[in-house]
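Novice: For reference, this is entry-v5.txt, and it has compact mmCIF, C-alpha atoms.
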# COMPACT_ATOMS: atom_id res chain seq x y z
CA MET V 20 39.05 30.91 70.93
CA LYS V 21 39.40 27.90 73.19
CA THR V 22 37.51 25.80 70.63
CA SER V 23 39.82 26.83 67.79
CA LYS V 24 42.88 25.86 69.90
CA TYR V 25 41.37 22.45 70.45
CA LEU V 26 40.69 22.12 66.72
CA VAL V 27 44.30 23.00 65.86
CA LEU V 28 45.55 20.47 68.42
CA LEU V 29 43.14 17.83 67.13
CA PHE V 30 44.30 18.45 63.56
CA ALA V 31 47.96 18.18 64.59
CA VAL V 32 47.37 14.92 66.45
CA SER V 33 45.30 13.49 63.57
CA THR V 34 48.03 14.39 61.08
CA MET V 35 50.67 12.73 63.27
CA LEU V 36 48.54 9.60 63.64
CA PHE V 37 47.89 9.50 59.90
CA HIS V 38 51.60 9.75 59.13
CA SER V 39 52.49 7.18 61.76
CA CYS V 40 50.09 4.77 60.09
CA THR V 41 51.06 5.33 56.48
CA SER V 42 54.57 6.71 56.25
CA TYR V 43 57.78 5.02 57.27
CA GLN V 44 60.31 7.81 56.94
CA SER V 45 63.52 5.96 57.77
CA VAL V 46 63.31 3.25 55.11
CA THR V 47 63.22 3.74 51.37
CA ARG V 48 61.42 1.53 48.87
CA GLY V 49 64.83 0.53 47.57
CA GLU V 50 65.73 -0.83 51.01
CA GLN V 51 62.38 -2.30 51.98
CA TYR V 52 61.74 -4.00 48.65
CA ALA V 53 65.32 -4.72 47.57
CA LYS V 54 64.44 -8.17 46.21
CA MET V 55 61.71 -6.69 44.05
CA TYR V 56 64.13 -4.22 42.45
CA GLU V 57 66.63 -7.02 41.95
CA ALA V 58 64.11 -9.41 40.38
CA LYS V 59 62.46 -6.74 38.15
CA PRO V 60 59.38 -8.89 37.48
CA LEU V 61 57.11 -7.83 34.62
CA VAL V 62 54.49 -10.57 34.26
CA PHE V 63 52.38 -11.46 37.30
CA LEU V 64 50.02 -14.38 37.72
CA VAL V 65 47.46 -13.86 40.45
CA MET V 66 46.56 -17.01 42.36
CA PRO V 67 43.09 -17.35 43.88
CA PRO V 68 43.25 -16.09 47.48
CA ILE V 69 43.71 -18.40 50.45
CA ASN V 70 40.56 -17.92 52.50
CA ASN V 71 41.08 -18.24 56.26
CA SER V 72 37.96 -16.20 56.99
CA THR V 73 34.46 -17.49 57.64
CA ASN V 74 33.09 -15.65 54.59
CA VAL V 75 32.68 -18.37 51.97
CA ASP V 76 32.44 -15.90 49.07
CA ALA V 77 35.59 -14.01 50.05
CA LYS V 78 37.90 -16.02 47.79
CA ASP V 79 36.12 -15.28 44.51
CA LEU V 80 35.26 -11.72 45.48
CA LEU V 81 38.82 -10.73 46.33
CA TYR V 82 40.18 -12.51 43.26
CA THR V 83 38.23 -10.23 40.91
CA SER V 84 39.83 -7.10 42.35
CA ILE V 85 43.54 -7.89 42.74
CA SER V 86 44.74 -7.18 39.19
CA LYS V 87 43.64 -3.57 38.76
CA PRO V 88 45.98 -1.87 41.27
CA LEU V 89 48.92 -3.98 40.08
CA ILE V 90 48.27 -2.99 36.45
CA GLU V 91 48.00 0.63 37.48
CA LYS V 92 51.45 0.37 39.04
CA GLY V 93 52.93 -0.69 35.69
CA TYR V 94 52.83 -4.49 35.66
CA TYR V 95 51.49 -6.95 33.13
CA VAL V 96 48.99 -9.10 35.00
CA LEU V 97 47.73 -12.21 33.24
CA SER V 98 43.94 -12.03 33.11
CA PRO V 99 42.54 -13.93 36.11
CA MET V 100 39.46 -14.71 34.00
CA LEU V 101 41.62 -16.71 31.61
CA THR V 102 44.16 -18.17 34.00
CA MET V 103 41.52 -19.46 36.40
CA ASP V 104 40.03 -21.64 33.69
CA VAL V 105 43.43 -23.19 33.08
CA LEU V 106 44.15 -23.57 36.78
CA LYS V 107 40.79 -25.25 37.35
CA ASN V 108 41.33 -27.61 34.41
CA GLU V 109 44.71 -28.57 35.84
CA SER V 110 43.27 -28.96 39.35
CA ALA V 111 45.53 -26.13 40.44
CA TYR V 112 42.88 -23.73 41.69
CA ASP V 113 44.02 -23.84 45.31
CA ALA V 114 46.93 -21.54 46.10
CA GLU V 115 47.72 -23.67 49.15
CA LEU V 116 49.10 -26.32 46.78
CA PHE V 117 51.80 -23.97 45.51
CA VAL V 118 52.53 -21.57 48.30
CA ASN V 119 55.54 -23.53 49.53
CA GLY V 120 56.43 -25.36 46.33
CA SER V 121 58.36 -24.68 43.16
CA LEU V 122 56.79 -22.04 40.92
CA GLY V 123 58.77 -22.87 37.77
CA THR V 124 55.65 -24.29 36.12
CA PHE V 125 54.08 -20.84 36.13
CA LYS V 126 57.05 -19.50 34.20
CA GLN V 127 56.93 -22.36 31.72
CA TYR V 128 53.20 -22.38 30.93
CA PHE V 129 52.11 -18.82 31.66
CA GLY V 130 55.30 -16.80 31.15
CA ALA V 131 54.89 -15.41 34.68
CA ASP V 132 57.91 -13.85 36.40
CA ALA V 133 56.15 -13.80 39.74
CA VAL V 134 53.07 -15.23 41.41
CA VAL V 135 50.82 -13.11 43.60
CA PHE V 136 49.47 -14.88 46.68
CA SER V 137 46.94 -13.44 49.08
CA GLU V 138 45.46 -14.61 52.36
CA ILE V 139 42.14 -13.39 53.72
CA ASN V 140 42.38 -13.68 57.46
CA SER V 141 39.16 -11.89 58.32
CA TRP V 142 36.34 -10.34 56.36
CA THR V 143 33.30 -9.64 58.48
CA LYS V 144 30.62 -7.08 59.02
CA LYS V 145 31.28 -5.14 62.20
CA GLY V 146 29.16 -2.27 63.47
CA PHE V 147 28.37 0.03 60.55
CA GLY V 148 31.19 -1.27 58.41
CA ILE V 149 33.30 -4.16 57.22
CA GLU V 150 36.51 -5.31 58.82
CA THR V 151 39.12 -7.07 56.69
CA ASN V 152 42.61 -8.40 57.19
CA ILE V 153 44.42 -9.28 54.00
CA HIS V 154 48.01 -10.42 53.60
CA PHE V 155 49.77 -10.27 50.23
CA PHE V 156 53.03 -11.84 49.21
CA ILE V 157 54.60 -12.05 45.77
CA LYS V 158 57.02 -14.87 44.97
CA SER V 159 59.52 -15.08 42.13
CA THR V 160 59.03 -17.98 39.72
CA TYR V 161 62.81 -18.09 39.23
CA THR V 162 63.92 -18.32 42.86
CA ASN V 163 60.65 -19.13 44.70
CA GLU V 164 61.61 -16.34 47.11
CA ILE V 165 59.19 -13.76 48.49
CA ILE V 166 60.04 -10.48 46.76
CA PHE V 167 57.19 -8.32 48.12
CA GLU V 168 55.06 -8.69 51.23
CA ARG V 169 52.52 -6.48 53.01
CA SER V 170 49.37 -6.84 55.03
CA CYS V 171 46.44 -4.56 55.72
CA ASP V 172 43.92 -4.32 58.53
CA LEU V 173 41.16 -2.23 57.01
CA TYR V 174 37.87 -1.05 58.46
CA LEU V 175 35.49 0.26 55.82
CA ASP V 176 32.98 2.67 57.28
CA LEU V 177 29.89 2.21 55.17
CA SER V 178 28.21 5.43 56.19
CA VAL V 179 29.68 6.98 53.01
CA ASN V 180 29.52 5.32 49.59
CA SER V 181 32.83 5.29 47.72
CA GLY V 182 32.24 3.22 44.59
CA SER V 183 34.09 3.66 41.30
CA SER V 184 32.53 4.78 38.05
CA SER V 185 35.44 3.91 35.74
CA GLY V 186 35.34 1.17 33.11
CA TRP V 187 37.49 -0.96 35.40
CA GLY V 188 35.15 -0.37 38.31
CA ALA V 189 32.18 -1.34 36.16
CA LEU V 190 33.86 -4.57 35.05
CA ILE V 191 34.79 -5.56 38.59
CA SER V 192 31.27 -4.80 39.80
CA LEU V 193 29.78 -6.87 36.99
CA ALA V 194 32.08 -9.74 37.89
CA ALA V 195 31.15 -9.44 41.54
CA SER V 196 27.45 -9.32 40.82
CA VAL V 197 27.67 -12.83 39.39
CA ALA V 198 28.63 -14.22 42.78
CA ASN V 199 26.19 -12.28 44.89
CA THR V 200 24.88 -8.77 44.42
CA ALA V 201 24.42 -8.40 48.17
CA LEU V 202 28.18 -8.60 48.62
CA THR V 203 29.15 -5.47 46.71
CA GLU V 204 30.09 -3.75 49.98
CA HIS V 205 32.58 -6.52 50.64
CA ILE V 206 34.07 -5.98 47.20
CA GLN V 207 34.48 -2.32 48.07
CA ALA V 208 36.42 -3.29 51.19
CA ALA V 209 38.57 -5.69 49.18
CA ARG V 210 39.36 -3.05 46.57
CA MET V 211 40.41 -0.61 49.23
CA ALA V 212 42.59 -3.09 51.08
CA ASN V 213 44.23 -3.99 47.77
CA GLU V 214 44.84 -0.34 46.97
CA TYR V 215 46.48 0.23 50.36
CA ILE V 216 48.68 -2.84 50.09
CA ILE V 217 49.75 -2.33 46.51
CA ARG V 218 50.17 1.45 46.47
CA ASP V 219 53.68 1.12 47.90
CA ILE V 220 54.91 -1.53 45.47
CA PRO V 221 57.95 -0.56 43.36
CA ARG V 222 56.65 0.66 40.02
CA GLY V 223 56.68 -1.72 37.06
CA LYS V 224 57.88 -1.43 33.48
CA TYR V 225 54.80 0.41 32.22
CA SER V 226 55.04 3.13 34.84
CA PRO V 227 56.99 6.34 34.15
CA GLU V 228 58.54 5.85 37.62
CA TYR V 229 60.02 2.43 36.72
CA LEU V 230 63.37 2.01 38.51
CA GLN V 231 63.25 5.63 39.60
CA ASP V 232 61.39 5.23 42.86
CA GLN V 233 63.98 3.49 45.03
CA GLY V 234 64.60 6.69 46.99
CA ILE V 235 60.97 7.25 47.95
CA SER V 236 60.11 6.65 51.61
CA ALA V 237 58.45 3.28 52.01
CA GLU V 238 55.28 2.81 53.98
CA GLN V 239 55.06 0.37 56.85
CA GLN V 240 54.80 -3.23 55.75
CA ASN V 241 51.80 -3.90 57.93
CA ILE V 242 49.19 -1.21 57.77
CA LYS V 243 46.08 -0.49 59.80
CA VAL V 244 43.56 1.93 58.41
CA THR V 245 39.95 3.06 58.68
CA VAL V 246 38.40 4.45 55.53
CA LYS V 247 35.05 5.89 54.48
CA MET H 9 36.38 -18.60 36.10
CA ALA H 10 35.63 -17.02 32.76
CA TYR H 11 33.50 -19.94 31.75
CA GLY H 12 31.99 -20.25 35.19
CA MET H 13 31.16 -16.57 35.15
CA TYR H 14 29.93 -16.83 31.61
CA LYS H 15 27.58 -19.63 32.54
CA HIS H 16 26.14 -17.76 35.51
CA GLN H 17 26.09 -14.34 33.89
CA SER H 18 22.66 -13.06 32.92
CA PRO H 19 22.34 -12.36 29.18
CA GLU H 20 21.76 -8.67 29.93
CA ALA H 21 24.88 -8.43 32.10
CA LEU H 22 26.93 -10.17 29.42
CA CYS H 23 25.79 -7.60 26.83
CA ASP H 24 26.67 -4.80 29.28
CA MET H 25 30.07 -6.35 29.85
CA LEU H 26 30.86 -6.63 26.13
CA CYS H 27 30.00 -2.96 25.68
CA VAL H 28 32.23 -1.93 28.60
CA TYR H 29 35.11 -3.90 27.06
CA GLU H 30 34.49 -2.35 23.65
CA ASP H 31 34.51 1.12 25.15
CA MET H 32 37.80 0.40 26.94
CA ILE H 33 39.31 -0.77 23.64
CA GLN H 34 37.97 2.16 21.58
CA HIS H 35 38.61 4.88 24.16
CA PRO H 36 41.71 3.92 26.09
CA THR H 37 42.84 6.20 28.90
CA GLY H 38 46.06 6.57 30.86
CA GLU H 39 49.43 7.87 29.81
CA ARG H 40 50.00 5.26 27.11
CA GLN H 41 46.52 5.59 25.61
CA VAL H 42 46.26 1.84 25.01
CA PRO H 43 43.93 -0.74 26.57
CA PRO H 44 45.21 -2.01 29.94
CA PRO H 45 47.05 -5.36 30.07
CA GLY H 46 44.77 -8.35 29.72
CA ILE H 47 41.69 -6.44 28.59
CA CYS H 48 41.96 -7.31 24.88
CA ALA H 49 42.57 -10.96 25.80
CA GLU H 50 39.70 -11.13 28.28
CA TYR H 51 37.30 -9.48 25.83
CA ALA H 52 38.47 -11.81 23.06
CA TYR H 53 37.87 -14.78 25.30
CA TYR H 54 34.25 -13.79 25.89
CA LEU H 55 33.71 -13.12 22.19
CA SER H 56 35.16 -16.50 21.28
CA MET H 57 32.64 -18.38 23.42
CA PRO H 58 30.21 -20.12 21.02
CA GLU H 59 27.07 -18.82 22.76
CA THR H 60 28.08 -15.18 22.96
CA ALA H 61 26.97 -14.21 19.44
CA GLN H 62 23.54 -15.78 19.91
CA ILE H 63 23.02 -14.16 23.31
CA PHE H 64 24.09 -10.75 22.01
CA ALA H 65 21.89 -11.02 18.91
CA THR H 66 18.79 -11.85 20.93
CA THR H 67 19.35 -9.79 24.09
CA ALA H 68 21.36 -6.65 23.32
CA LYS H 69 19.53 -3.36 23.17
CA LYS H 70 19.56 -1.38 19.93
CA SER H 71 22.03 1.10 21.43
CA GLN H 72 24.35 -1.78 22.38
CA LYS H 73 24.17 -3.29 18.90
CA SER H 74 25.12 0.06 17.40
CA VAL H 75 28.49 -0.25 19.16
CA PHE H 76 29.56 -2.79 16.52
CA ALA H 77 29.92 -2.05 12.81
CA ARG H 78 28.64 -5.50 11.81
CA ASN H 79 25.57 -7.45 12.90
CA ASP H 80 26.54 -10.93 11.62
CA TYR H 81 27.70 -11.72 15.15
CA ALA H 82 28.17 -15.48 14.61
CA SER H 83 30.98 -14.88 12.12
CA PHE H 84 32.09 -11.43 13.31
CA PHE H 85 32.72 -12.21 17.00
CA PRO H 86 35.16 -15.12 16.44
CA GLU H 87 37.07 -13.08 13.82
CA TYR H 88 37.17 -10.07 16.11
CA ALA H 89 38.29 -12.28 19.00
CA LYS H 90 41.31 -13.41 17.02
CA GLN H 91 42.17 -9.80 16.14
CA LEU H 92 41.94 -8.84 19.81
CA PHE H 93 44.21 -11.67 20.92
CA GLU H 94 46.71 -10.50 18.27
CA LYS H 95 46.36 -6.95 19.57
CA GLU H 96 47.16 -8.15 23.10
CA LEU H 97 50.31 -9.79 21.72
CA THR H 98 51.33 -6.65 19.85
CA LEU H 99 50.75 -4.33 22.79
CA TYR H 100 52.17 -6.72 25.37
CA PRO H 101 54.66 -9.16 23.81
CA GLU H 102 55.37 -10.60 27.26
CA SER H 103 51.93 -12.25 27.10
CA ALA H 104 53.09 -14.54 24.26
CA VAL H 105 53.74 -17.67 26.34
CA PHE H 106 50.14 -17.69 27.50
CA ILE H 107 48.30 -16.10 24.57
CA LYS H 108 49.92 -17.81 21.57
CA PRO H 109 48.57 -21.29 22.41
CA ILE H 110 45.07 -19.78 22.76
CA ILE H 111 45.35 -18.20 19.29
CA THR H 112 46.56 -21.51 17.86
CA LYS H 113 43.60 -23.30 19.42
CA LEU H 114 41.15 -20.75 18.02
CA THR H 115 42.70 -20.99 14.56
CA GLN H 116 42.29 -24.76 14.56
CA GLN H 117 38.58 -24.55 15.41
Go through the file and emit its structure as structure tokens.
Specialist:
Amino acid sequence: MKTSKYLVLLFAVSTMLFHSCTSYQSVTRGEQYAKMYEAKPLVFLVMPPINNSTNVDAKDLLYTSISKPLIEKGYYVLSPMLTMDVLKNESAYDAELFVNGSLGTFKQYFGADAVVFSEINSWTKKGFGIETNIHFFIKSTYTNEIIFERSCDLYLDLSVNSGSSSGWGALISLAASVANTALTEHIQAARMANEYIIRDIPRGKYSPEYLQDQGISAEQQNIKVTVK
Amino acid sequence: MAYGMYKHQSPEALCDMLCVYEDMIQHPTGERQVPPPGICAEYAYYLSMPETAQIFATTAKKSQKSVFARNDYASFFPEYAKQLFEKELTLYPESAVFIKPIITKLTQQ
């Protein structure tokens, strides 16, 4: 009897903690991401991540997994496979070169309405898992303003495998395996951090919820989560 | 990165990748039942690489080769690549600024 009371209490506390981490009742998406609704971007260009971590492979590994969640939310994302070739040829592979500059060139040559920047602040193995801190910000190519911004502190507990078996998952894994097959766990962490960051983004043109989700409660802009 | 990846990709992995792309094109999922943005273009880009046909012809398993209706890969892959770029344009007209110059370049080759 006493044990069941403790379990109920534990469940209630866990639920409260979960909601405090993920839900932000008092602010709607319309309020939190007002500039995104105003800009209504359709075409995104994903820049290679800015790597502030000590993991030298982090940049390429994260880059392969950014597009999928954005596409799933209804946006057209220019293929990073194709754009990276162009960026490298134009010596424009480093996002640091553009993060504070004019983004009009990306509109002119790629047709991008917005550019997706990401910063990897940490990406290390810790205990039985991987700890990451990733910061995303999306800037309009028309105004150079930030129209969406979130960050995620994620700890991936590797005691449970949570890979994907979809065609997308297979493609991302194949891409990752080129860099280093031993780093697939890091890719898993990156995918999850991306999912958490992007799941609250206002839905794009190819989503049935396009321009109908302003009233939904927004999540906190900076999230901290442990996942298995 | 595509070319960088292409260069470092094992022939077996490249064949696997082409088959995954083909499956995504032939059996699209989701509410719209069309390939996701960028997939036709990415697949076309791989197919348009000069070495792809040779690698596929010499490395692909029989089951992988059966995915395609034709086996004259050297002429089929570039033709198919152009069709796929066109398909990307049709499905996603907003890709035109980036994709049209690639199609023009392929046509001139």
Novice: Taking only residues of segment 106-184 of chain V that have an atom at most 8 Å from an atom of segment 98-107 of chain H, what is each one's shortest atom pair and its distance in Å to one decimal, using all atoms listed in the file, in chain and number order, as a tab-separated table?
Specialist:
residue	atom	partner	partner_atom	distance
V:Gln127	CA	H:Val105	CA	7.8
V:Tyr128	CA	H:Phe106	CA	6.6
V:Phe129	CA	H:Phe106	CA	4.7
V:Gly130	CA	H:Val105	CA	5.1
Novice: Would you list the contacts of Glu228 of chain V as an mmCIF file with C-alpha atoms, in the coordinates of the input, taking every protein, DNA or RNA residue within 12 Å and counting only C-alpha atoms, but skipping same-chain residues closer than 6 positions in sequence?
Specialist:
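Written out: selection_33.cif:
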data_model
loop_
_atom_site.group_PDB
_atom_site.id
_atom_site.type_symbol
_atom_site.label_atom_id
_atom_site.label_comp_id
_atom_site.auth_asym_id
_atom_site.auth_seq_id
_atom_site.Cartn_x
_atom_site.Cartn_y
_atom_site.Cartn_z
ATOM 1 C CA GLU V 91 48.000 0.630 37.480
ATOM 2 C CA LYS V 92 51.450 0.370 39.040
ATOM 3 C CA GLY V 93 52.930 -0.690 35.690
ATOM 4 C CA TYR V 94 52.830 -4.490 35.660
ATOM 5 C CA ILE V 220 54.910 -1.530 45.470
ATOM 6 C CA PRO V 221 57.950 -0.560 43.360
ATOM 7 C CA ARG V 222 56.650 0.660 40.020
ATOM 8 C CA GLY V 234 64.600 6.690 46.990
ATOM 9 C CA ILE V 235 60.970 7.250 47.950
#
Novice: Residues of chain V within 7 Å of chain H, counting all atoms listed in the file, what are they? List them as a ChimeraX atom specification.
Specialist: /V:90,95-98,100-101,103-104,128-130,186,190,197
Novice: Padding 5 Å on every side, please: axis-aligned box over the listed atoms of segment 218-223 of chain V, centre and edge lengths to one decimal in Å, as JSON.
Specialist:
{"center_x": 54.1, "center_y": -0.1, "center_z": 42.5, "size_x": 17.8, "size_y": 13.2, "size_z": 20.8}
Novice: Rounded to one decimal place, report the atom CA of Ser170 of chain V-atom CA of Gln240 of chain V distance in Å.
Specialist: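 Separation between atom CA of Ser170 of chain V and atom CA of Gln240 of chain V: 6.6 Å.
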Novice: Counting only C-alpha atoms, find the residues whose atoms lie at most 9 Å from (34.7, -2.5, 50.4) (file coordinates) and write them out as a list in words.
Specialist: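 Residues lying no farther than 9 Å from the given point: Gly148, Ile149, Thr151, Tyr174, Leu175, Asp176, Leu177, Ser181, Gly182, Thr203, Glu204, His205, Ile206, Gln207, Ala208, Ala209, Arg210, Met211 and Ala212 of chain V.
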Novice: Grab the atom CA of Val42 of chain H to atom CA of Leu92 of chain H distance for me, in Å with one decimal place.
Specialist: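 A separation of 12.6 Å between them.
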Novice: Just how far from atom CA of Gly223 of chain V is atom CA of Glu115 of chain V, in Å to one decimal?
Specialist: 26.6 Å
Novice: Find the residues near segment 65-73 of chain H: any atom within 6 Å, counting all atoms listed in the file, skip ones fewer than 3 places away on the same chain, and give them as number ranges by chain.
Specialist: H: 23, 62, 76
Novice: As a PyMOL selection string, please: the residues near Asn119 of chain V (cut-off 10 Å, all atoms listed in the file, same-chain neighbours under 4 positions excluded).
Specialist: chain V and resi 114-115+158+163-164
Novice: List the spatial neighbours of Thr47 of chain V as number ranges by chain - criterion: any atom at most 8 Å away, all atoms listed in the file, same-chain residues fewer than 2 positions off excluded.
Specialist: V: 44-45, 49-51, 233-237
Novice: So, counting all atoms listed in the file, which residue among V:Met66, V:Ala77, V:Glu57, V:His154 is closest to Leu116 of chain V?
Specialist: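 Once distances to Leu116 of chain V are computed over all atoms listed in the file, the minimum belongs to V:Met66.
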Novice: Residues at most 9 Å from Phe156 of chain V, counting all atoms listed in the file, excluding those fewer than 5 positions away in the same chain, as a list of chain:residue names?
Specialist: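 So the residues in contact are V:Val134, V:Val135, V:Phe136, V:Ser137, V:Glu138, V:Ile165, V:Ile166, V:Phe167, V:Glu168, V:Arg169, V:Ser170.
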